[in-house]
There are 2 protein chains.
Amino acid sequence: MRFRLKRIQISSGGPMIAVMNISDAAENNLHRGDRIELIKGAKKAIAIVDTTKDALLVPEGWLGLNHELSSKLGQSGTADAGLIDKSHSLAYIKKKLDGKELSEKEFLSIISDIARNALSEIEITYFVSACYTHGLSNEETAFLTKAMINTGDLLKISKKFVLDKHCIGGVAGNRTTMLAVPIVAAAGYTVPKTSSRSITSPAGTADTMEVLCKVDLPLGKVKKVIAKTGACIVWGGALSLAPADDIIIRVEHPLGIDAYGQLVASVLGKKKSVSSTHVLIDIPYGQGAKVKTKARAEKLGSIFRYVGEKIGLKIFLMYSKGSKPVGKGIGPALEARDVLYVLRNDPRQPLDLRKKSLEMAGKMIEMTGKKNGFAIARKILDSGLAYEKMVEIINAQGKRHIEPGTIPLGRLSYEVKAHRSGAIQAIRNDIAVSIARAAGAPKDAEAGIYLKRLEGERILKGQALFTVYSNSEARLAHAKSICKKLSKEFYIIK
Amino acid sequence: MRFRLKRIQISSGGPMIAVMNISDAAENNLHRGDRIELIKGAKKAIAIVDTTKDALLVPEGWLGLNHELSSKLGQSGTADAGLIDKSHSLAYIKKKLDGKELSEKEFLSIISDIARNALSEIEITYFVSACYTHGLSNEETAFLTKAMINTGDLLKISKKFVLDKHCIGGVAGNRTTMLAVPIVAAAGYTVPKTSSRSITSPAGTADTMEVLCKVDLPLGKVKKVIAKTGACIVWGGALSLAPADDIIIRVEHPLGIDAYGQLVASVLGKKKSVSSTHVLIDIPYGQGAKVKTKARAEKLGSIFRYVGEKIGLKIFLMYSKGSKPVGKGIGPALEARDVLYVLRNDPRQPLDLRKKSLEMAGKMIEMTGKKNGFAIARKILDSGLAYEKMVEIINAQGKRHIEPGTIPLGRLSYEVKAHRSGAIQAIRNDIAVSIARAAGAPKDAEAGIYLKRLEGERILKGQALFTVYSNSEARLAHAKSICKKLSKEFYIIK
């Protein structure tokens, strides 16, 4: 079928959308959300179908191209629209749904169709669901990982040691990446760190780093930062590394699906795409963390090790306790301030964050065969070399703040006091997350919680426990109401 | 969050869509396809989120309402937008995905959220996928059926015998409904028949009936037709009977999922919604039909019987051979003509269609306890009473054609001749479907195939086998190319 093209004044903010008259759609058995391939001379694009019955907007025989699509195909002329041949991928998805294992070739077909936007959300959901319900064997997980790497861009670095780390997440605060990376880079190693933004937490590493400098750099610019400083801490979502993974994560989100196989493929696919050679995987476990028990953490670790070997990555595992927040700040600005405090050896630094970051940096250094990594890391941190390296990285990426004192916090705040005297026995991770998000984090980077007292300390009734920051009265009120309901469970004082 | 409302010049042709500035969407962690509830005074609507970065189209703080949504909420003012609380349904979907059985209450929660448009396609796909992978127990199938009935409109009829029939489908032609319904209605019974349009076949009963009269009647009008004539043959999709079912079928389509549990719930949910009391279920089986073996047909039959009992429907089963087309015409106009030929005892009538329809009408009459249903049905058909009843129904629904000679066929045609002499041993259903659809059926109601020779007949080389009709040269050419490739497999002559 051939269509005349017109531009319509809509920009989706991402996806390429072709609006079709509803009677053309019916004739071709197409629905909102289906994909079609448009070919106009040498130009090709895969677009998502939208429908209209407004013949003034899009008459029969025409396609209305949104901004994103018309900048690819032009604003007029004609294009041939064809159905995309994704029958192989659909047959493989059905096969997996029916409980059979898929081959390397079959995973590659599905993932490359996802990466080129040929599969609809419904079709991708069947794939995710099939992998979740029937599980992925270790071999399948390796196939999936390879497929993700082979359908995305690569950041090529040729060094013997390209060090990297990843934390499975689920712990509030815990901004160790922003400390371990400059320490390890200051030790002379290359560390091409890509991080994610928060989905359900009050801050991801990318959100926190963004308080200090730009993080949404294109691939070419990232290469320059690494060439100059030996490291980077950027937002992976701005790059096109393993793009199928980002789409799959979006489909997993509504039901909170996180199957181990997909998780491992997602993490290691991105690591391999930036040429990492040695990767430290931190798997926090415990009540309130993503992984609940040590046994499950070890099971997950074994999959990482298997897939790492298959794709030529050396994997090092670390199992940490993950039931309480790490650091004092929770929320992008407050966590960024904690990081700078530690780097500058400021007396206000949270010692748990310092210690965990040194352990992590130490283990990363030891991945190269060195001994006494912790001591090396501590020396680099204490000497100020790590801080200098962080300043270099921040400047190379595009500086915003480097002084902890200049980082703005939410203009509204609310202090919560201890309801009794005693020892702080526990601080609950999940409640910290709820309050900080209610206050506006991460979208409001200045919002969050600052923990004035940590686990193990003694406190008197009426002394300050923590402060909530926000820039919105409505949000602060919402956070307050959670505090009123849950503060006794948040801080357990006995 | 409160938004100012504006109308935007888009009509989707169905769904209510709220276009949100991409930065508002990001702030609220919303994506294209997510649902929000909009409340404006006493007016409420659930809308699908679309995003734009065009601040001229939809500035931050505003929502652009498409035609369908603005006719519900108005074109200006403000509305509160809230996330929909569907956490219970999502938890139940996850539970099913994890392989556990769901309770009646849990199915009702999910199905009522689907019916009110609160779940996204991704979420519904997880549900469909979970039911498919883990299967539904008979008890769960009954819960699902009840939930579908309880979340849709009802057509109330208070009679001792409200007779209905359903064919599992997958057989080309086979337009028995349009014969059995007038025969049974002429016998004095109430037959509130709702039918579907074709999805993958060249014609559904609704498409075929539409050649003769209107089929997209609102519920009130359907009631009047039944009150006047005792029967109807209308398109179920125009009514809001078990609306969740239509949405689920749409999600099943891309992967061709048709799990028995969902199929039974879909069929019986709609039957119960129109107050049917006795339902004849025809399950054609064989190579080329939907159900491949007698054993599977009987397994499916047992689920129908179980669920029927649970929801107070008497189920009667019929297993027919389903590997070849029934009737001579394939495509809406050609099938409608066959139906009229049979009703008028025209010599051109296809005898296989007549016979199968009489069997079906006979069994429907016997559901009431009568004996010799076939003979009763034959007498009604031969006497012309069935034809008179059909004329009544067609007039009540809004007549288009009642004379077979006035039904227009495609203006272009192509005749295929026998490549050898011999006996016609088989006619393949699936190839008939491919050719008729290539010619344009069902969208072009006048397109299709007319089989001039049927199974068992002898033929000489060069005699006409079948004619293809179309109104489009391109489509006819496409159909021709399939004929050239497959006609020897289509008609097996030995």
# chains A, B, ... in the order shown; residues from 1 in each chain; ligands from 1
call {"tool": "closest_atom_pairs", "arguments": {"of": "chain B", "to": "chain A", "cutoff": "9 Å", "atoms": "only C-alpha atoms", "output": "Markdown table"}}
result
| residue | atom | partner | partner_atom | distance |
| --- | --- | --- | --- | --- |
| B:Gln9 | CA | A:Leu57 | CA | 7.4 |
| B:Ile10 | CA | A:Thr52 | CA | 6.4 |
| B:Ser11 | CA | A:Thr52 | CA | 4.9 |
| B:Ser12 | CA | A:Thr52 | CA | 4.1 |
| B:Gly13 | CA | A:Lys53 | CA | 5.0 |
| B:Gly14 | CA | A:Thr52 | CA | 8.6 |
| B:Asn21 | CA | A:Gly13 | CA | 8.8 |
| B:Ile22 | CA | A:Gly13 | CA | 6.4 |
| B:Ala26 | CA | A:Lys443 | CA | 8.1 |
| B:Glu27 | CA | A:Lys443 | CA | 5.9 |
| B:Asn28 | CA | A:Lys443 | CA | 8.8 |
| B:Asn29 | CA | A:Ile199 | CA | 8.1 |
| B:Arg32 | CA | A:Ser12 | CA | 8.8 |
| B:Asp50 | CA | A:Ser12 | CA | 7.5 |
| B:Thr51 | CA | A:Ser12 | CA | 5.2 |
| B:Thr52 | CA | A:Ser12 | CA | 4.1 |
| B:Lys53 | CA | A:Gly13 | CA | 5.0 |
| B:Asp54 | CA | A:Ser11 | CA | 5.7 |
| B:Leu57 | CA | A:Ile10 | CA | 7.1 |
| B:Leu90 | CA | A:Leu255 | CA | 6.5 |
| B:Ala91 | CA | A:Leu255 | CA | 7.9 |
| B:Ile93 | CA | A:Leu255 | CA | 8.2 |
| B:Lys94 | CA | A:Leu255 | CA | 6.7 |
| B:Leu97 | CA | A:Thr133 | CA | 6.6 |
| B:Asp98 | CA | A:Thr133 | CA | 6.8 |
| B:Gly99 | CA | A:Thr133 | CA | 8.1 |
| B:Glu121 | CA | A:Ile122 | CA | 6.3 |
| B:Ile122 | CA | A:Ile122 | CA | 5.7 |
| B:Glu123 | CA | A:Pro254 | CA | 6.9 |
| B:Ile124 | CA | A:Ile122 | CA | 8.6 |
| B:Thr125 | CA | A:Ile122 | CA | 6.0 |
| B:Tyr126 | CA | A:Ser129 | CA | 6.3 |
| B:Val128 | CA | A:Tyr126 | CA | 8.9 |
| B:Ser129 | CA | A:Tyr126 | CA | 6.3 |
| B:Ala130 | CA | A:Ser129 | CA | 7.7 |
| B:Tyr132 | CA | A:Leu97 | CA | 8.4 |
| B:Thr133 | CA | A:Leu97 | CA | 6.6 |
| B:His134 | CA | A:Thr133 | CA | 8.7 |
| B:Ile199 | CA | A:Asn29 | CA | 8.0 |
| B:Val251 | CA | A:Ile122 | CA | 6.8 |
| B:Glu252 | CA | A:Ile122 | CA | 8.9 |
| B:Pro254 | CA | A:Glu123 | CA | 6.9 |
| B:Leu255 | CA | A:Leu90 | CA | 6.5 |
| B:Gly256 | CA | A:Lys94 | CA | 8.8 |
| B:Ile257 | CA | A:Lys94 | CA | 8.6 |
| B:Gly440 | CA | A:Glu27 | CA | 8.8 |
| B:Pro442 | CA | A:Glu27 | CA | 8.9 |
| B:Lys443 | CA | A:Glu27 | CA | 5.9 |
| B:Asp444 | CA | A:Glu27 | CA | 8.7 |
call {"tool": "residues_around", "arguments": {"residues": "range 164-175 of chain B", "least_positions_apart": "6", "cutoff": "7 Å", "atoms": "only C-alpha atoms", "output": "PyMOL selection string"}}
result
chain B and resi 191-193+205+276+278-284+289-290+322+324-327+329-330+335+353+429+433
call {"tool": "write_last_selection", "arguments": {"atoms": "C-alpha atoms", "output": "PDB file, in the first residue's frame"}}
result
ATOM      1  CA  VAL B 191     -32.988 -16.665  19.282  1.00  0.00           C
ATOM      2  CA  PRO B 192     -30.976 -13.536  20.269  1.00  0.00           C
ATOM      3  CA  LYS B 193     -27.942 -14.198  18.088  1.00  0.00           C
ATOM      4  CA  THR B 205     -21.482 -13.986  10.239  1.00  0.00           C
ATOM      5  CA  SER B 276     -29.756 -17.496  26.443  1.00  0.00           C
ATOM      6  CA  HIS B 278     -29.916 -23.449  25.891  1.00  0.00           C
ATOM      7  CA  VAL B 279     -26.834 -23.220  23.708  1.00  0.00           C
ATOM      8  CA  LEU B 280     -25.658 -25.505  20.916  1.00  0.00           C
ATOM      9  CA  ILE B 281     -21.880 -25.475  20.533  1.00  0.00           C
ATOM     10  CA  ASP B 282     -20.518 -26.702  17.209  1.00  0.00           C
ATOM     11  CA  ILE B 283     -16.872 -27.761  17.398  1.00  0.00           C
ATOM     12  CA  PRO B 284     -15.571 -28.531  13.908  1.00  0.00           C
ATOM     13  CA  ALA B 289      -9.857 -26.395  11.370  1.00  0.00           C
ATOM     14  CA  LYS B 290      -9.091 -24.643  14.662  1.00  0.00           C
ATOM     15  CA  GLY B 322     -14.128 -29.219   9.678  1.00  0.00           C
ATOM     16  CA  LYS B 324     -13.250 -28.440   3.978  1.00  0.00           C
ATOM     17  CA  PRO B 325     -15.354 -25.343   3.178  1.00  0.00           C
ATOM     18  CA  VAL B 326     -19.138 -25.613   3.622  1.00  0.00           C
ATOM     19  CA  GLY B 327     -21.201 -23.946   0.894  1.00  0.00           C
ATOM     20  CA  GLY B 329     -19.492 -18.932  -1.735  1.00  0.00           C
ATOM     21  CA  ILE B 330     -16.587 -17.636   0.349  1.00  0.00           C
ATOM     22  CA  GLU B 335     -21.999 -16.366   1.327  1.00  0.00           C
ATOM     23  CA  LEU B 353     -24.754 -25.951   3.682  1.00  0.00           C
ATOM     24  CA  ASN B 429     -10.032 -24.801   3.632  1.00  0.00           C
ATOM     25  CA  VAL B 433      -9.251 -18.519   3.004  1.00  0.00           C
TER      26      VAL B 433
END
call {"tool": "residues_around", "arguments": {"residues": "Thr229 in chain B", "least_positions_apart": "2", "cutoff": "10 Å", "atoms": "only C-alpha atoms", "output": "ChimeraX atom specification"}}
result
/B:182,185-186,188-191,224-227,231-232,389-396
call {"tool": "select_by_dssp", "arguments": {"residues": "range 215-398 of chain B", "states": "strand (DSSP E or B)", "output": "list in words"}}
result
Ala231, Cys232, Ile233, Val234, Trp235, His278, Val279, Leu280, Ile281, Asp282, Ile283, Pro284, Tyr285, Val291, Lys314, Ile315, Phe316, Leu317, Met318, Tyr319, Ser320, Lys321, Val326, Gly329 and Ile330 of chain B
call {"tool": "atom_distance", "arguments": {"atom1": "CA of Lys379 in chain B", "atom2": "CA of Leu351 in chain B"}}
result
15.8 Å
call {"tool": "closest_residue", "arguments": {"among": "A:Leu163, A:Met148, A:Ile111, A:Val339", "to": "Ile315 in chain A", "atoms": "only C-alpha atoms"}}
result
A:Leu163
call {"tool": "atom_distance", "arguments": {"atom1": "CA of Met1 in chain B", "atom2": "CA of Ser70 in chain B"}}
result
18.7 Å
call {"tool": "select_by_dssp", "arguments": {"residues": "range 201-311 of chain B", "states": "alpha helix (DSSP H)", "output": "PyMOL selection string"}}
result
chain B and resi 205-212+219-229+243-252+260-273+294-311
call {"tool": "closest_residue", "arguments": {"among": "B:Leu381, B:Val211, B:Gly286, B:Gly456", "to": "Pro404 in chain B", "atoms": "only C-alpha atoms"}}
result
B:Val211
call {"tool": "residues_around", "arguments": {"residues": "Asp245 in chain A", "least_positions_apart": "6", "cutoff": "9 Å", "atoms": "only C-alpha atoms", "output": "PyMOL selection string"}}
result
chain A and resi 111+114-115+148+262+265-266+269-270
call {"tool": "residues_around", "arguments": {"residues": "Arg458 in chain A", "least_positions_apart": "4", "cutoff": "10 Å", "atoms": "only C-alpha atoms", "output": "PyMOL selection string"}}
result
chain A and resi 421-425+453-454+493-494
call {"tool": "closest_residue", "arguments": {"among": "A:Ile482, A:Leu144, A:Leu73, A:Val264", "to": "Lys105 in chain A", "atoms": "only C-alpha atoms"}}
result
A:Leu144
call {"tool": "residues_around", "arguments": {"residues": "Glu415 in chain A", "least_positions_apart": "3", "cutoff": "7 Å", "atoms": "only C-alpha atoms", "output": "list in words"}}
result
Ala464, Phe466, Thr467 and Val468 of chain A
call {"tool": "closest_residue", "arguments": {"among": "A:Leu460, A:Leu340, A:Ala259, A:Ala25", "to": "Thr141 in chain A", "atoms": "only C-alpha atoms"}}
result
A:Ala259
call {"tool": "closest_residue", "arguments": {"among": "A:Asp216, A:Asp352, A:Asp430, A:Asp80", "to": "Gln397 in chain A", "atoms": "only C-alpha atoms"}}
result
A:Asp216
call {"tool": "atom_distance", "arguments": {"atom1": "CA of Ala426 in chain B", "atom2": "CA of Lys480 in chain B"}}
result
20.4 Å
call {"tool": "closest_residue", "arguments": {"among": "B:Glu403, B:Ser201, B:Tyr387, B:Lys321", "to": "Gly448 in chain B", "atoms": "only C-alpha atoms"}}
result
B:Ser201
call {"tool": "decode", "arguments": {"residues": "range 50-120 of chain B", "atoms": "C-alpha atoms", "output": "short mmCIF file (atom, residue, chain, number, x, y, z; two decimals), in the first residue's frame"}}
result
data_model
loop_
_atom_site.label_atom_id
_atom_site.label_comp_id
_atom_site.auth_asym_id
_atom_site.auth_seq_id
_atom_site.Cartn_x
_atom_site.Cartn_y
_atom_site.Cartn_z
CA ASP B 50 -0.04 10.07 25.03
CA THR B 51 2.97 12.39 25.25
CA THR B 52 4.21 15.35 23.30
CA LYS B 53 7.18 17.65 23.63
CA ASP B 54 5.42 20.30 21.57
CA ALA B 55 4.57 22.99 24.12
CA LEU B 56 2.42 24.79 21.54
CA LEU B 57 0.21 21.75 21.22
CA VAL B 58 0.12 20.90 24.93
CA PRO B 59 2.00 23.18 27.35
CA GLU B 60 3.15 21.94 30.75
CA GLY B 61 0.23 21.85 33.15
CA TRP B 62 -2.27 21.22 30.35
CA LEU B 63 -3.89 18.14 28.91
CA GLY B 64 -4.92 17.87 25.27
CA LEU B 65 -8.14 15.88 24.99
CA ASN B 66 -8.88 14.02 21.79
CA HIS B 67 -12.34 14.22 20.28
CA GLU B 68 -13.65 11.17 22.14
CA LEU B 69 -12.41 12.42 25.52
CA SER B 70 -13.47 16.04 25.05
CA SER B 71 -16.99 14.96 24.20
CA LYS B 72 -17.07 13.34 27.63
CA LEU B 73 -15.30 16.03 29.69
CA GLY B 74 -15.86 19.20 27.66
CA GLN B 75 -13.32 21.34 25.88
CA SER B 76 -12.02 23.60 28.65
CA GLY B 77 -11.79 24.06 32.40
CA THR B 78 -9.63 22.02 34.71
CA ALA B 79 -9.62 18.41 35.80
CA ASP B 80 -7.89 16.46 38.52
CA ALA B 81 -5.83 13.64 37.14
CA GLY B 82 -5.22 10.69 39.40
CA LEU B 83 -3.44 7.43 39.04
CA ILE B 84 -5.91 4.60 38.92
CA ASP B 85 -5.78 2.24 41.84
CA LYS B 86 -5.30 -1.02 40.08
CA SER B 87 -2.74 -2.38 42.52
CA HIS B 88 -5.01 -5.27 43.52
CA SER B 89 -5.52 -6.39 39.95
CA LEU B 90 -1.80 -6.12 39.22
CA ALA B 91 -1.03 -8.24 42.28
CA TYR B 92 -3.51 -10.89 41.10
CA ILE B 93 -2.04 -10.89 37.59
CA LYS B 94 1.40 -11.39 39.13
CA LYS B 95 -0.01 -14.20 41.26
CA LYS B 96 -1.38 -15.98 38.19
CA LEU B 97 1.91 -15.37 36.38
CA ASP B 98 3.62 -17.09 39.29
CA GLY B 99 1.44 -20.14 38.67
CA LYS B 100 -1.16 -19.83 41.43
CA GLU B 101 -4.90 -20.22 40.91
CA LEU B 102 -7.09 -17.16 41.26
CA SER B 103 -10.33 -16.85 43.19
CA GLU B 104 -13.66 -15.56 41.92
CA LYS B 105 -13.04 -12.19 43.58
CA GLU B 106 -9.61 -11.92 41.99
CA PHE B 107 -10.92 -12.59 38.48
CA LEU B 108 -13.66 -10.04 39.03
CA SER B 109 -11.10 -7.41 40.03
CA ILE B 110 -8.96 -7.98 36.92
CA ILE B 111 -11.85 -8.22 34.47
CA SER B 112 -13.62 -5.18 35.85
CA ASP B 113 -10.38 -3.17 35.57
CA ILE B 114 -10.03 -4.34 31.96
CA ALA B 115 -13.67 -3.45 31.24
CA ARG B 116 -13.30 0.08 32.63
CA ASN B 117 -10.13 0.54 30.57
CA ALA B 118 -7.92 0.87 33.65
CA LEU B 119 -5.27 -1.64 32.56
CA SER B 120 -2.72 -0.96 29.83
#
